[in-house]
>>> print(open('my_file39.cif').read())   # mmCIF, C-alpha atoms
data_query
loop_
_atom_site.label_atom_id
_atom_site.label_comp_id
_atom_site.auth_asym_id
_atom_site.auth_seq_id
_atom_site.Cartn_x
_atom_site.Cartn_y
_atom_site.Cartn_z
CA MET F 1 13.60 -128.30 -36.18
CA THR F 2 12.71 -125.00 -37.85
CA HIS F 3 15.20 -123.40 -40.24
CA ALA F 4 17.15 -120.66 -38.48
CA ALA F 5 16.24 -118.03 -41.09
CA ALA F 6 12.49 -118.68 -41.04
CA LEU F 7 10.38 -115.67 -40.11
CA GLU F 8 8.47 -117.71 -37.54
CA ASN F 9 11.62 -117.72 -35.39
CA PHE F 10 11.31 -113.96 -34.83
CA ARG F 11 8.91 -112.15 -32.50
CA LEU F 12 7.61 -108.58 -32.45
CA SER F 13 6.99 -107.15 -28.99
CA LEU F 14 4.29 -104.47 -28.73
CA GLY F 15 2.69 -103.26 -25.56
CA GLY F 16 4.09 -106.14 -23.56
CA ARG F 17 2.76 -108.74 -25.99
CA ASP F 18 4.76 -110.89 -28.37
CA VAL F 19 3.27 -111.55 -31.80
CA LEU F 20 4.57 -113.00 -35.02
CA PRO F 21 6.43 -110.24 -36.90
CA LEU F 22 4.08 -109.96 -39.88
CA MET F 23 1.71 -107.03 -40.28
CA LEU F 24 -0.96 -107.03 -42.97
CA GLY F 25 -1.06 -103.71 -44.79
CA GLY F 26 -4.25 -101.70 -44.37
CA MET F 27 -5.65 -101.61 -47.91
CA GLY F 28 -8.68 -99.49 -48.75
CA THR F 29 -11.35 -99.31 -49.75
CA ASN F 30 -12.24 -102.57 -47.96
CA ILE F 31 -9.54 -104.60 -49.68
CA SER F 32 -8.23 -105.46 -46.22
CA THR F 33 -11.63 -106.79 -45.22
CA ALA F 34 -12.58 -107.78 -41.70
CA GLU F 35 -12.25 -111.40 -42.80
CA LEU F 36 -8.72 -110.84 -44.09
CA ALA F 37 -7.57 -108.90 -41.03
CA LEU F 38 -9.09 -111.45 -38.65
CA ALA F 39 -7.50 -114.36 -40.52
CA VAL F 40 -4.07 -112.82 -39.95
CA GLU F 41 -4.90 -112.00 -36.32
CA ARG F 42 -6.01 -115.56 -35.60
CA LEU F 43 -2.68 -116.84 -36.90
CA GLY F 44 -0.83 -114.68 -34.39
CA GLY F 45 0.09 -111.73 -36.60
CA ILE F 46 -1.22 -108.18 -36.90
CA GLY F 47 -4.22 -107.72 -39.16
CA HIS F 48 -4.94 -104.29 -40.55
CA LEU F 49 -8.24 -102.69 -41.46
CA SER F 50 -8.57 -99.49 -43.48
CA ASP F 51 -10.78 -96.62 -42.35
CA ALA F 52 -11.23 -95.30 -45.89
CA MET F 53 -14.87 -94.50 -46.73
CA LEU F 54 -16.27 -96.24 -43.67
CA MET F 55 -19.66 -94.56 -43.99
CA ASP F 56 -20.17 -96.16 -47.39
CA LEU F 57 -18.76 -99.46 -46.15
CA SER F 58 -21.14 -99.39 -43.18
CA ASP F 59 -24.04 -98.95 -45.59
CA ARG F 60 -22.96 -102.03 -47.53
CA LEU F 61 -22.27 -104.19 -44.48
CA PHE F 62 -24.95 -103.13 -42.03
CA GLY F 63 -27.68 -101.55 -44.15
CA THR F 64 -27.18 -98.04 -42.76
CA ARG F 65 -27.96 -95.04 -44.96
CA PHE F 66 -25.11 -92.64 -44.19
CA THR F 67 -24.17 -92.11 -47.85
CA SER F 68 -27.67 -91.58 -49.22
CA GLU F 69 -28.53 -89.22 -46.36
CA LYS F 70 -25.43 -87.12 -47.04
CA ALA F 71 -26.14 -87.10 -50.78
CA HIS F 72 -29.72 -85.97 -50.17
CA ARG F 73 -28.71 -83.28 -47.68
CA THR F 74 -26.04 -81.80 -49.98
CA ALA F 75 -27.87 -82.30 -53.30
CA PRO F 76 -28.38 -78.53 -53.80
CA GLU F 77 -24.59 -78.21 -54.18
CA ARG F 78 -24.38 -80.59 -57.13
CA ASP F 79 -23.83 -77.88 -59.77
CA ASN F 80 -21.75 -75.68 -57.52
CA MET F 81 -18.03 -76.22 -58.17
CA ASP F 82 -17.19 -74.73 -54.78
CA LYS F 83 -17.98 -77.66 -52.47
CA SER F 84 -17.36 -75.80 -49.20
CA ALA F 85 -20.93 -76.52 -48.11
CA VAL F 86 -20.61 -80.28 -48.70
CA LYS F 87 -19.99 -81.32 -45.11
CA PHE F 88 -19.92 -84.64 -43.31
CA ASP F 89 -22.05 -85.13 -40.21
CA LEU F 90 -19.37 -85.77 -37.56
CA GLU F 91 -21.69 -87.89 -35.45
CA ALA F 92 -22.37 -90.07 -38.48
CA VAL F 93 -18.63 -90.35 -39.16
CA LYS F 94 -18.06 -91.53 -35.60
CA ALA F 95 -21.04 -93.88 -35.61
CA ALA F 96 -19.91 -95.61 -38.80
CA ALA F 97 -16.33 -96.09 -37.60
CA ARG F 98 -17.36 -97.18 -34.10
CA ARG F 99 -19.82 -99.78 -35.37
CA TYR F 100 -17.42 -101.23 -37.94
CA VAL F 101 -14.50 -101.48 -35.54
CA SER F 102 -16.52 -102.89 -32.66
CA ASP F 103 -18.03 -105.54 -34.95
CA VAL F 104 -14.56 -106.67 -36.02
CA MET F 105 -13.08 -106.61 -32.53
CA ALA F 106 -15.95 -108.73 -31.19
CA ARG F 107 -14.73 -111.49 -33.50
CA ALA F 108 -11.01 -111.24 -32.72
CA SER F 109 -9.39 -114.26 -31.09
CA GLY F 110 -6.79 -112.48 -29.01
CA LYS F 111 -4.00 -114.55 -30.56
CA GLY F 112 -2.70 -111.55 -32.52
CA MET F 113 -3.78 -107.94 -32.91
CA VAL F 114 -6.09 -105.92 -35.17
CA PHE F 115 -5.04 -102.40 -36.16
CA ILE F 116 -6.68 -99.81 -38.40
CA ASN F 117 -4.94 -97.65 -40.99
CA CYS F 118 -5.96 -93.99 -40.79
CA MET F 119 -5.07 -91.73 -43.73
CA GLU F 120 -4.54 -88.04 -43.04
CA LYS F 121 -5.15 -87.29 -46.71
CA LEU F 122 -8.81 -88.25 -46.26
CA THR F 123 -9.49 -84.60 -45.51
CA MET F 124 -13.31 -84.89 -45.86
CA ASN F 125 -13.69 -81.10 -46.20
CA ALA F 126 -12.85 -80.58 -42.52
CA GLY F 127 -9.46 -82.20 -42.03
CA LEU F 128 -8.86 -81.96 -38.29
CA ASP F 129 -12.47 -82.39 -37.21
CA THR F 130 -13.11 -85.49 -39.29
CA LEU F 131 -9.69 -86.93 -38.48
CA LYS F 132 -10.38 -86.62 -34.77
CA ALA F 133 -13.80 -88.21 -35.23
CA ARG F 134 -12.29 -91.21 -37.03
CA LEU F 135 -9.40 -91.68 -34.61
CA THR F 136 -11.44 -91.44 -31.43
CA ALA F 137 -14.24 -93.62 -32.82
CA ALA F 138 -11.72 -96.37 -33.60
CA LEU F 139 -10.53 -96.17 -30.01
CA ASP F 140 -14.15 -96.29 -28.82
CA GLY F 141 -14.66 -99.44 -30.88
CA GLY F 142 -11.85 -101.24 -29.07
CA ILE F 143 -9.25 -101.34 -31.84
CA ASP F 144 -5.91 -102.80 -30.71
CA GLY F 145 -3.92 -100.16 -32.57
CA ILE F 146 -4.02 -97.26 -35.01
CA THR F 147 -1.51 -96.77 -37.82
CA LEU F 148 -1.25 -93.16 -38.98
CA SER F 149 -0.65 -93.06 -42.74
CA ALA F 150 -0.69 -90.86 -45.87
CA GLY F 151 0.49 -87.68 -44.23
CA LEU F 152 2.81 -86.26 -41.58
CA HIS F 153 0.10 -86.44 -38.86
CA LEU F 154 1.58 -83.53 -36.97
CA SER F 155 -1.64 -83.05 -34.98
CA SER F 156 -2.97 -86.59 -34.74
CA MET F 157 -1.53 -87.50 -31.33
CA LYS F 158 -2.98 -84.30 -29.85
CA LEU F 159 -6.37 -85.11 -31.37
CA MET F 160 -6.44 -88.38 -29.42
CA ALA F 161 -4.71 -87.20 -26.24
CA GLU F 162 -7.91 -86.75 -24.21
CA HIS F 163 -9.28 -90.17 -25.03
CA GLU F 164 -9.24 -92.70 -22.19
CA ARG F 165 -7.54 -95.32 -24.38
CA PHE F 166 -4.85 -92.96 -25.72
CA ARG F 167 -2.14 -94.63 -23.65
CA ASP F 168 -3.51 -98.17 -23.86
CA ALA F 169 -4.00 -98.73 -27.59
CA MET F 170 -0.98 -99.16 -29.83
CA ILE F 171 -0.28 -96.13 -32.05
CA GLY F 172 2.19 -96.14 -34.94
CA ILE F 173 3.18 -93.96 -37.86
CA ILE F 174 4.11 -94.78 -41.47
CA VAL F 175 7.13 -92.82 -42.73
CA SER F 176 9.48 -92.98 -45.68
CA SER F 177 12.35 -91.06 -44.09
CA SER F 178 13.88 -90.28 -40.71
CA ARG F 179 13.15 -86.61 -41.40
CA ALA F 180 9.39 -87.29 -41.49
CA LEU F 181 9.66 -89.29 -38.27
CA ASN F 182 11.59 -86.48 -36.59
CA LEU F 183 8.87 -83.95 -37.49
CA PHE F 184 6.17 -86.24 -36.14
CA LEU F 185 8.02 -86.80 -32.86
CA LYS F 186 8.65 -83.09 -32.33
CA LYS F 187 5.03 -82.14 -32.95
CA SER F 188 3.75 -84.97 -30.75
CA ALA F 189 6.14 -84.39 -27.86
CA SER F 190 3.69 -82.26 -25.89
CA THR F 191 1.40 -85.28 -25.42
CA GLY F 192 4.12 -87.08 -23.48
CA ARG F 193 3.60 -90.18 -25.56
CA LEU F 194 5.84 -91.89 -28.12
CA PRO F 195 4.57 -94.07 -30.94
CA ASP F 196 4.62 -97.78 -30.16
CA TYR F 197 6.00 -98.69 -33.59
CA VAL F 198 7.20 -97.11 -36.83
CA VAL F 199 6.41 -98.57 -40.24
CA VAL F 200 9.06 -97.63 -42.80
CA GLU F 201 7.50 -97.85 -46.24
CA GLY F 202 9.95 -98.11 -49.10
CA PRO F 203 9.69 -97.12 -52.78
CA LEU F 204 8.43 -100.51 -54.04
CA ALA F 205 5.15 -100.41 -52.10
CA GLY F 206 1.71 -100.25 -53.69
CA GLY F 207 -0.83 -97.45 -53.67
CA HIS F 208 0.17 -93.98 -52.50
CA LEU F 209 3.93 -93.50 -52.19
CA GLY F 210 5.81 -91.28 -49.78
CA PHE F 211 8.23 -90.32 -52.57
CA GLY F 212 8.26 -88.21 -55.70
CA MET F 213 8.76 -89.60 -59.17
CA ASP F 214 12.41 -90.11 -58.18
CA TRP F 215 11.31 -93.09 -56.06
CA ALA F 216 13.72 -95.42 -57.88
CA ASN F 217 16.65 -93.58 -56.28
CA PHE F 218 15.71 -94.93 -52.83
CA SER F 219 15.88 -98.37 -51.23
CA LEU F 220 13.98 -99.88 -48.32
CA PRO F 221 17.02 -101.30 -46.45
CA THR F 222 18.82 -97.96 -46.61
CA ILE F 223 15.83 -96.05 -45.23
CA VAL F 224 15.21 -98.60 -42.48
CA LYS F 225 18.85 -98.42 -41.39
CA ASP F 226 18.67 -94.63 -41.38
CA VAL F 227 15.52 -94.66 -39.22
CA LYS F 228 17.07 -97.20 -36.86
CA ALA F 229 20.20 -95.03 -36.57
CA PHE F 230 18.06 -91.95 -35.89
CA LEU F 231 16.19 -93.73 -33.10
CA GLU F 232 19.39 -95.05 -31.55
CA LYS F 233 21.05 -91.63 -31.71
CA ASN F 234 18.10 -90.15 -29.82
CA GLY F 235 17.97 -92.94 -27.26
CA LEU F 236 14.59 -94.21 -28.45
CA SER F 237 13.62 -97.88 -28.38
CA ILE F 238 10.73 -98.10 -30.83
CA PRO F 239 10.13 -101.20 -32.98
CA VAL F 240 10.60 -100.60 -36.71
CA ILE F 241 8.57 -102.52 -39.29
CA ALA F 242 9.82 -102.65 -42.89
CA ALA F 243 7.29 -102.46 -45.73
CA GLY F 244 7.30 -102.47 -49.53
CA GLY F 245 8.63 -105.15 -51.88
CA ILE F 246 9.01 -107.96 -49.32
CA PHE F 247 7.63 -110.83 -51.34
CA THR F 248 8.69 -114.07 -49.63
CA GLY F 249 9.54 -115.40 -46.21
CA GLY F 250 13.15 -115.46 -47.32
CA ASP F 251 12.93 -111.76 -48.28
CA ALA F 252 11.45 -110.99 -44.88
CA ALA F 253 14.16 -112.81 -42.95
CA ARG F 254 16.90 -111.18 -45.04
CA VAL F 255 15.50 -107.69 -44.45
CA MET F 256 15.17 -108.30 -40.73
CA GLU F 257 18.69 -109.69 -40.45
CA GLU F 258 20.24 -106.96 -42.62
CA THR F 259 18.48 -103.95 -41.12
CA LYS F 260 17.78 -105.28 -37.60
CA CYS F 261 14.16 -104.17 -37.94
CA GLU F 262 11.63 -105.87 -35.69
CA GLY F 263 8.99 -106.88 -38.22
CA ILE F 264 7.71 -106.61 -41.78
CA GLN F 265 4.49 -105.48 -43.44
CA ALA F 266 3.05 -107.21 -46.51
CA ALA F 267 0.06 -106.25 -48.62
CA THR F 268 0.25 -107.16 -52.32
CA ARG F 269 0.19 -110.93 -51.84
CA PHE F 270 -2.72 -110.65 -49.39
CA ALA F 271 -4.64 -108.45 -51.85
CA ALA F 272 -5.00 -111.47 -54.13
CA THR F 273 -6.27 -113.87 -51.44
CA VAL F 274 -9.71 -115.38 -51.14
CA GLU F 275 -10.54 -113.11 -48.17
CA SER F 276 -9.52 -109.87 -49.91
CA GLY F 277 -12.34 -107.51 -50.89
CA LEU F 278 -11.20 -107.24 -54.51
CA PRO F 279 -13.48 -108.84 -57.11
CA TYR F 280 -12.41 -112.26 -58.40
CA ALA F 281 -11.62 -110.92 -61.89
CA VAL F 282 -9.29 -108.27 -60.45
CA LYS F 283 -7.40 -110.89 -58.46
CA GLN F 284 -6.93 -112.85 -61.67
CA ALA F 285 -5.56 -109.70 -63.31
CA TYR F 286 -3.04 -109.39 -60.50
CA PHE F 287 -1.82 -112.94 -61.09
CA ASN F 288 -1.46 -112.25 -64.80
CA ALA F 289 0.51 -109.02 -64.23
CA ARG F 290 3.98 -108.58 -65.69
CA PRO F 291 6.60 -105.95 -64.78
CA GLU F 292 5.61 -103.70 -67.68
CA ASP F 293 1.99 -103.67 -66.42
CA ILE F 294 2.92 -101.93 -63.14
CA ILE F 295 3.18 -98.15 -63.32
CA VAL F 296 3.52 -95.11 -61.07
CA ASN F 297 1.34 -92.13 -61.99
CA HIS F 298 -0.32 -88.98 -60.63
CA LEU F 299 -3.88 -90.24 -60.97
CA SER F 300 -4.65 -89.54 -57.32
CA PRO F 301 -6.03 -86.09 -56.42
CA THR F 302 -4.09 -86.29 -53.12
CA GLY F 303 -0.87 -85.17 -54.81
CA TYR F 304 0.92 -88.39 -53.94
CA PRO F 305 2.18 -90.64 -56.74
CA MET F 306 0.40 -94.01 -56.90
CA ARG F 307 1.55 -97.44 -58.06
CA MET F 308 -1.06 -99.55 -59.82
CA LEU F 309 -1.71 -101.85 -62.76
CA LYS F 310 -1.90 -99.94 -66.03
CA GLN F 311 -5.09 -101.87 -66.81
CA SER F 312 -6.90 -100.06 -63.98
CA PRO F 313 -10.21 -98.80 -65.44
CA ALA F 314 -9.88 -95.54 -63.50
CA ILE F 315 -6.95 -94.45 -65.65
CA THR F 316 -9.12 -93.95 -68.72
CA GLY F 317 -12.44 -93.40 -66.91
CA GLU F 318 -13.93 -89.96 -66.69
CA ILE F 319 -17.06 -89.47 -64.62
CA ARG F 320 -18.83 -86.60 -62.96
CA PRO F 321 -17.42 -86.07 -59.43
CA ASN F 322 -19.52 -87.66 -56.68
CA CYS F 323 -18.68 -85.15 -53.96
CA GLU F 324 -22.22 -85.03 -52.57
CA ALA F 325 -22.33 -88.78 -51.89
CA TYR F 326 -18.63 -89.21 -51.11
CA GLY F 327 -16.29 -86.21 -51.06
CA TYR F 328 -13.66 -87.88 -48.88
CA LEU F 329 -10.83 -85.96 -50.55
CA LEU F 330 -12.43 -82.53 -50.51
CA ASN F 331 -10.26 -79.90 -48.84
CA HIS F 332 -11.66 -76.39 -48.30
CA GLY F 333 -14.28 -77.16 -50.92
CA GLU F 334 -11.79 -78.22 -53.58
CA CYS F 335 -10.43 -81.36 -55.22
CA SER F 336 -7.96 -81.45 -58.09
CA TYR F 337 -10.15 -83.89 -60.04
CA LEU F 338 -13.13 -81.60 -59.60
CA LYS F 339 -11.14 -78.75 -61.16
CA GLU F 340 -9.91 -80.93 -64.02
CA TRP F 341 -13.38 -82.31 -64.75
CA LYS F 342 -14.89 -78.80 -64.83
CA ALA F 343 -12.16 -77.50 -67.15
CA ARG F 344 -12.62 -80.42 -69.54
CA LYS F 345 -16.41 -80.12 -69.46
CA ASP F 346 -16.26 -76.39 -70.20
CA ALA F 347 -13.83 -77.00 -73.07
CA ALA F 348 -16.02 -79.75 -74.52
CA ASP F 349 -19.14 -77.60 -74.22
CA ALA F 350 -17.28 -74.85 -76.09
CA GLY F 351 -16.51 -77.26 -78.91
CA ALA F 352 -12.76 -77.58 -78.28
CA ALA F 353 -10.86 -79.88 -80.60
CA PRO F 354 -9.47 -83.05 -78.96
CA GLU F 355 -5.93 -81.72 -79.10
CA ALA F 356 -7.01 -78.52 -77.36
CA MET F 357 -8.72 -80.25 -74.44
CA PRO F 358 -7.17 -79.83 -70.97
CA ALA F 359 -5.15 -82.87 -69.94
CA HIS F 360 -6.90 -85.83 -68.31
CA GLU F 361 -4.53 -86.73 -65.44
CA LYS F 362 -6.68 -87.30 -62.33
CA CYS F 363 -9.65 -89.47 -61.41
CA CYS F 364 -12.59 -89.40 -59.03
CA LEU F 365 -10.67 -91.52 -56.54
CA CYS F 366 -13.59 -91.89 -54.13
CA THR F 367 -15.89 -93.43 -56.74
CA TYR F 368 -13.25 -95.56 -58.43
CA MET F 369 -11.71 -96.91 -55.22
CA ARG F 370 -15.17 -97.66 -53.86
CA ASN F 371 -15.97 -99.62 -57.03
CA TYR F 372 -12.56 -101.37 -57.20
CA LYS F 373 -11.48 -99.66 -60.40
CA VAL F 374 -8.05 -98.55 -59.11
CA TRP F 375 -5.88 -101.66 -59.04
CA THR F 376 -3.10 -100.60 -56.72
CA CYS F 377 -0.22 -102.99 -56.11
CA GLY F 378 3.44 -103.17 -55.22
CA THR F 379 6.15 -103.94 -57.74
CA SER F 380 6.10 -107.55 -56.54
CA ALA F 381 2.68 -108.09 -58.12
CA ALA F 382 4.61 -109.10 -61.24
CA ARG F 383 5.75 -112.19 -59.33
CA LEU F 384 2.36 -113.36 -58.11
CA HIS F 385 2.29 -116.01 -60.83
CA GLU F 386 5.15 -117.72 -58.98
CA THR F 387 2.94 -118.29 -55.94
CA SER F 388 0.12 -120.42 -57.33
CA VAL F 389 -1.00 -122.64 -60.20
CA LYS F 390 -3.17 -121.89 -63.21
CA ARG F 391 -5.97 -124.35 -63.84
CA GLU F 392 -6.60 -125.84 -67.27
CA ASN F 393 -9.40 -123.29 -67.76
CA GLY F 394 -6.83 -120.50 -67.48
CA GLU F 395 -7.86 -119.30 -64.02
CA TRP F 396 -5.39 -119.03 -61.17
CA ILE F 397 -6.04 -120.83 -57.89
CA LEU F 398 -6.36 -118.13 -55.26
CA PRO F 399 -4.52 -118.60 -51.98
CA THR F 400 -6.17 -118.10 -48.65
CA ALA F 401 -4.78 -115.63 -46.14
CA GLU F 402 -3.53 -118.61 -44.14
CA ASP F 403 -1.65 -119.93 -47.20
CA VAL F 404 0.16 -116.62 -47.65
CA PHE F 405 0.80 -116.14 -43.94
CA LYS F 406 2.29 -119.61 -43.55
CA ASP F 407 4.47 -119.13 -46.61
CA TYR F 408 5.91 -115.95 -45.10
CA MET F 409 6.44 -117.73 -41.79
CA GLN F 410 7.92 -121.01 -43.00
CA SER F 411 9.60 -120.54 -46.39
CA THR F 412 13.29 -119.76 -46.49
CA GLY F 413 15.70 -118.56 -49.14
CA ASP F 414 13.86 -118.14 -52.43
CA GLN F 415 11.34 -120.89 -51.77
CA ILE F 416 7.59 -120.39 -51.98
CA LEU F 417 5.07 -122.73 -50.39
CA LEU F 418 2.17 -123.04 -52.79
CA PRO F 419 -1.44 -122.80 -51.54
CA ALA F 420 -2.96 -126.00 -50.18
CA GLU F 421 -5.54 -126.06 -52.97
CA ALA F 422 -2.82 -125.65 -55.59
CA ARG F 423 -0.84 -128.54 -54.11
CA ALA F 424 -3.96 -130.72 -54.14
CA TYR F 425 -4.66 -129.72 -57.74
CA LEU F 426 -1.15 -130.70 -58.81
CA ALA F 427 -1.37 -134.00 -56.97
CA ALA F 428 -4.71 -134.80 -58.60
CA SER F 429 -3.34 -134.00 -62.03
CA HIS F 430 -0.60 -136.61 -61.54
CA ALA F 431 1.90 -134.20 -63.04
CA ALA F 432 5.44 -135.49 -63.15
CA PRO F 433 7.83 -133.26 -61.16
CA ALA F 434 10.03 -132.68 -64.19
CA ALA F 435 7.03 -131.44 -66.13
CA ARG F 436 5.72 -129.27 -63.31
CA PRO F 437 8.41 -127.04 -61.82
CA ASP F 438 5.75 -125.62 -59.51
CA LEU F 439 5.53 -129.03 -57.84
CA LEU F 440 9.28 -129.06 -57.22
CA ARG F 441 9.05 -125.63 -55.62
CA THR F 442 6.17 -126.82 -53.44
CA GLU F 443 7.99 -129.95 -52.34
CA ALA F 444 11.11 -127.98 -51.49
CA ALA F 445 9.19 -125.48 -49.39
CA SER F 446 7.12 -128.24 -47.81
CA SER F 447 10.23 -130.10 -46.73
CA HIS F 448 11.34 -127.10 -44.68
CA SER F 449 7.83 -126.77 -43.27
CA ALA F 450 7.80 -130.43 -42.26
CA ALA F 451 11.23 -130.11 -40.71
CA GLY F 452 9.90 -127.41 -38.43
CA ALA F 453 6.74 -129.28 -37.44
#
>>> encode(input="my_file39.cif", output="C-alpha cells")
Amino acid sequence: MTHAAALENFRLSLGGRDVLPLMLGGMGTNISTAELALAVERLGGIGHLSDAMLMDLSDRLFGTRFTSEKAHRTAPERDNMDKSAVKFDLEAVKAAARRYVSDVMARASGKGMVFINCMEKLTMNAGLDTLKARLTAALDGGIDGITLSAGLHLSSMKLMAEHERFRDAMIGIIVSSSRALNLFLKKSASTGRLPDYVVVEGPLAGGHLGFGMDWANFSLPTIVKDVKAFLEKNGLSIPVIAAGGIFTGGDAARVMEETKCEGIQAATRFAATVESGLPYAVKQAYFNARPEDIIVNHLSPTGYPMRMLKQSPAITGEIRPNCEAYGYLLNHGECSYLKEWKARKDAADAGAAPEAMPAHEKCCLCTYMRNYKVWTCGTSAARLHETSVKRENGEWILPTAEDVFKDYMQSTGDQILLPAEARAYLAASHAAPAARPDLLRTEAASSHSAAGA
C-alpha cells in the first residue's frame, strides 16, 4: 500500500490526459537534453526541452551548418558595435527547431508528455518575428506542449493563433505573480483560448528569476495561493504547477497539499543526472556545492537576476562578443554585454588604470551558456550531497533521471531514496549502517517504496 502523502498518488490532468504531477524544468542550453526529457516522459511525467540556441544545437546534433553560415554572412559586421544588420534567417530558425522537435517526438513513448520551454527574452534581433518562427516550428514538429517563459508573452498566443495545432497542443505560461498572469490573460483574450496550465516559479528557483534583488521577501506557497485565488475569483479552472525549491517527494506532497496546486516542476536535481547535458565535472561541482556557493547576480544581459554557483567561469570570464555566430540576445542591434565590453576595451586601449576601468558586470551569455560556463542552479543545489554517495576516489555517484523521478514519486516526509548505483556501492562496501547514515536513509526510503509495490 502506497503512503498517502506520496506524490505518485496525485495526478495532473491536461488536455483530457492524466499524467504524474512532475514536470521537468526546461533548462538551456541543452541541459534538459532529449534523453533527459524522454526519460521523464517514459516514466509518465512531463519532460521539458529548451529552445535556447537551437540552431547551434542542431549543428552539434545533426551536422547542419546554421551557425557557421550565419557567422559567414554577417562577418562584415564584426567591428561594428551597432549589430542591427546581424539578422537570423527565419527559415533557418524554423528548420532547426522543427527538425530538433520532430526528432525528439518520434522517440516519445506516449506514456507522458514532452513540452518545450520558449523564452521571450531570446530576442534574436527581431523579437516578434523570431519568436513566431520558434513557436510555430515547435508546433510543426509535433511537440505536446509549449511553456512560455522569461517574459510576459503578451503577443505569443496571437503569434500562434493561425497555426492548425494552436488549440490542440498544450500551452502554458510561467509567472511569478498573479499580476503577470492577469496581464497575459488580458492580452491573449482576443484569441479565444486560455492557457492549459500555469507554472508559478518562486524565488528559490535557478537561472533567471522573475523577481528583483528583493527575491528573499517572497515565498512560493504564498504566490501559488495568490494565483489560485485569482483564478477562482475569475471563474477559471486552470491547473497550477509550483516550481522552485521543491527538493524531495515530501516537499512536493507538502506543497501540493498546502497550496492545492495540481503539480510541481523540478530542475536542479535533474541537472545533475547522467542524462543531463552538463559536463561530468560540472555535475560534480553541483554535488560539492554549499549554501555560500550559490549566489544571485546581474551577470545576464537580459536584465533578469540569475542564480548560479559562484564558481561559474562566466563570472570572471571576459571575451569578445560572438554576435555574428550567436546573437540570441540582441535587441535592436544592442546587448548590454556588448556595450560593457566596448567600454572596457576602449578604456584599456586608452591606458586606463585598473581602478578607472568600467565595471565588469555582464557576460556573453550566448557563448558561455553554449559552452556550459554558467552554472545555474536553485538554492536546493546545496543539498545535492544528501542525495547520493561519494566514492573513495572523491567522485559522487550520479543519479539517473529515473532515480530522481522515482525518489520524487515514492519518498515521503524528509526521506530520500538514493540512486540504485549508490545503493549497490554501499552494499558492496559492506558498510555497517551505524557507520553509513546514507544507508539508513536509503533503507528508510526503500521501505516505503516496497510498501507501495
>>> closest_residue(input="my_file39.cif", among="F:Ala92, F:Ile246, F:Gly127, F:Trp215", to="His332 of chain F", atoms="all atoms listed in the file")
F:Gly127
>>> resolve_selection(input="my_file39.cif", expression="the PyMOL selection byres ((chain F and resi 28) around 6)", output="list in words")
Met27, Thr29, Asn30, Ile31, Ser50 and Ala52 of chain F
>>> closest_residue(input="my_file39.cif", among="F:Ala243, F:Ala71, F:Leu209, F:Cys377", to="Thr268 of chain F", atoms="all atoms listed in the file")
F:Cys377
>>> resolve_selection(input="my_file39.cif", expression="the PyMOL selection byres ((chain F and resi 10) around 12)", output="mmCIF file with C-alpha atoms, keeping the file's coordinate frame")
data_model
loop_
_atom_site.group_PDB
_atom_site.id
_atom_site.type_symbol
_atom_site.label_atom_id
_atom_site.label_comp_id
_atom_site.auth_asym_id
_atom_site.auth_seq_id
_atom_site.Cartn_x
_atom_site.Cartn_y
_atom_site.Cartn_z
ATOM 1 C CA THR F 2 12.710 -125.000 -37.850
ATOM 2 C CA HIS F 3 15.200 -123.400 -40.240
ATOM 3 C CA ALA F 4 17.150 -120.660 -38.480
ATOM 4 C CA ALA F 5 16.240 -118.030 -41.090
ATOM 5 C CA ALA F 6 12.490 -118.680 -41.040
ATOM 6 C CA LEU F 7 10.380 -115.670 -40.110
ATOM 7 C CA GLU F 8 8.470 -117.710 -37.540
ATOM 8 C CA ASN F 9 11.620 -117.720 -35.390
ATOM 9 C CA ARG F 11 8.910 -112.150 -32.500
ATOM 10 C CA LEU F 12 7.610 -108.580 -32.450
ATOM 11 C CA SER F 13 6.990 -107.150 -28.990
ATOM 12 C CA ASP F 18 4.760 -110.890 -28.370
ATOM 13 C CA VAL F 19 3.270 -111.550 -31.800
ATOM 14 C CA LEU F 20 4.570 -113.000 -35.020
ATOM 15 C CA PRO F 21 6.430 -110.240 -36.900
ATOM 16 C CA LEU F 22 4.080 -109.960 -39.880
ATOM 17 C CA GLY F 45 0.090 -111.730 -36.600
ATOM 18 C CA GLY F 249 9.540 -115.400 -46.210
ATOM 19 C CA ALA F 252 11.450 -110.990 -44.880
ATOM 20 C CA ALA F 253 14.160 -112.810 -42.950
ATOM 21 C CA ARG F 254 16.900 -111.180 -45.040
ATOM 22 C CA MET F 256 15.170 -108.300 -40.730
ATOM 23 C CA GLU F 257 18.690 -109.690 -40.450
ATOM 24 C CA LYS F 260 17.780 -105.280 -37.600
ATOM 25 C CA CYS F 261 14.160 -104.170 -37.940
ATOM 26 C CA GLU F 262 11.630 -105.870 -35.690
ATOM 27 C CA GLY F 263 8.990 -106.880 -38.220
ATOM 28 C CA ILE F 264 7.710 -106.610 -41.780
ATOM 29 C CA TYR F 408 5.910 -115.950 -45.100
ATOM 30 C CA MET F 409 6.440 -117.730 -41.790
ATOM 31 C CA GLN F 410 7.920 -121.010 -43.000
#
>>> resolve_selection(input="my_file39.cif", expression="the PyMOL selection byres ((chain F and resi 155-171) around 7)", output="list in words")
Gly15, Lys132, Leu135, Thr136, Leu139, Asp144, Gly145, Ile146, Thr147, His153, Leu154, Gly172, Ser188, Thr191, Pro195, Asp196 and Tyr197 of chain F
>>> write_last_selection(input="my_file39.cif", atoms="C-alpha atoms", output="compact mmCIF listing (two decimals), keeping the file's coordinate frame")
# COMPACT_ATOMS: atom_id res chain seq x y z
CA GLY F 15 2.69 -103.26 -25.56
CA LYS F 132 -10.38 -86.62 -34.77
CA LEU F 135 -9.40 -91.68 -34.61
CA THR F 136 -11.44 -91.44 -31.43
CA LEU F 139 -10.53 -96.17 -30.01
CA ASP F 144 -5.91 -102.80 -30.71
CA GLY F 145 -3.92 -100.16 -32.57
CA ILE F 146 -4.02 -97.26 -35.01
CA THR F 147 -1.51 -96.77 -37.82
CA HIS F 153 0.10 -86.44 -38.86
CA LEU F 154 1.58 -83.53 -36.97
CA GLY F 172 2.19 -96.14 -34.94
CA SER F 188 3.75 -84.97 -30.75
CA THR F 191 1.40 -85.28 -25.42
CA PRO F 195 4.57 -94.07 -30.94
CA ASP F 196 4.62 -97.78 -30.16
CA TYR F 197 6.00 -98.69 -33.59
>>> residues_around(input="my_file39.cif", residues="Glu392 of chain F", least_positions_apart="5", cutoff="12 Å", atoms="all atoms listed in the file", output="PyMOL selection string")
chain F and resi 397+425-426+429
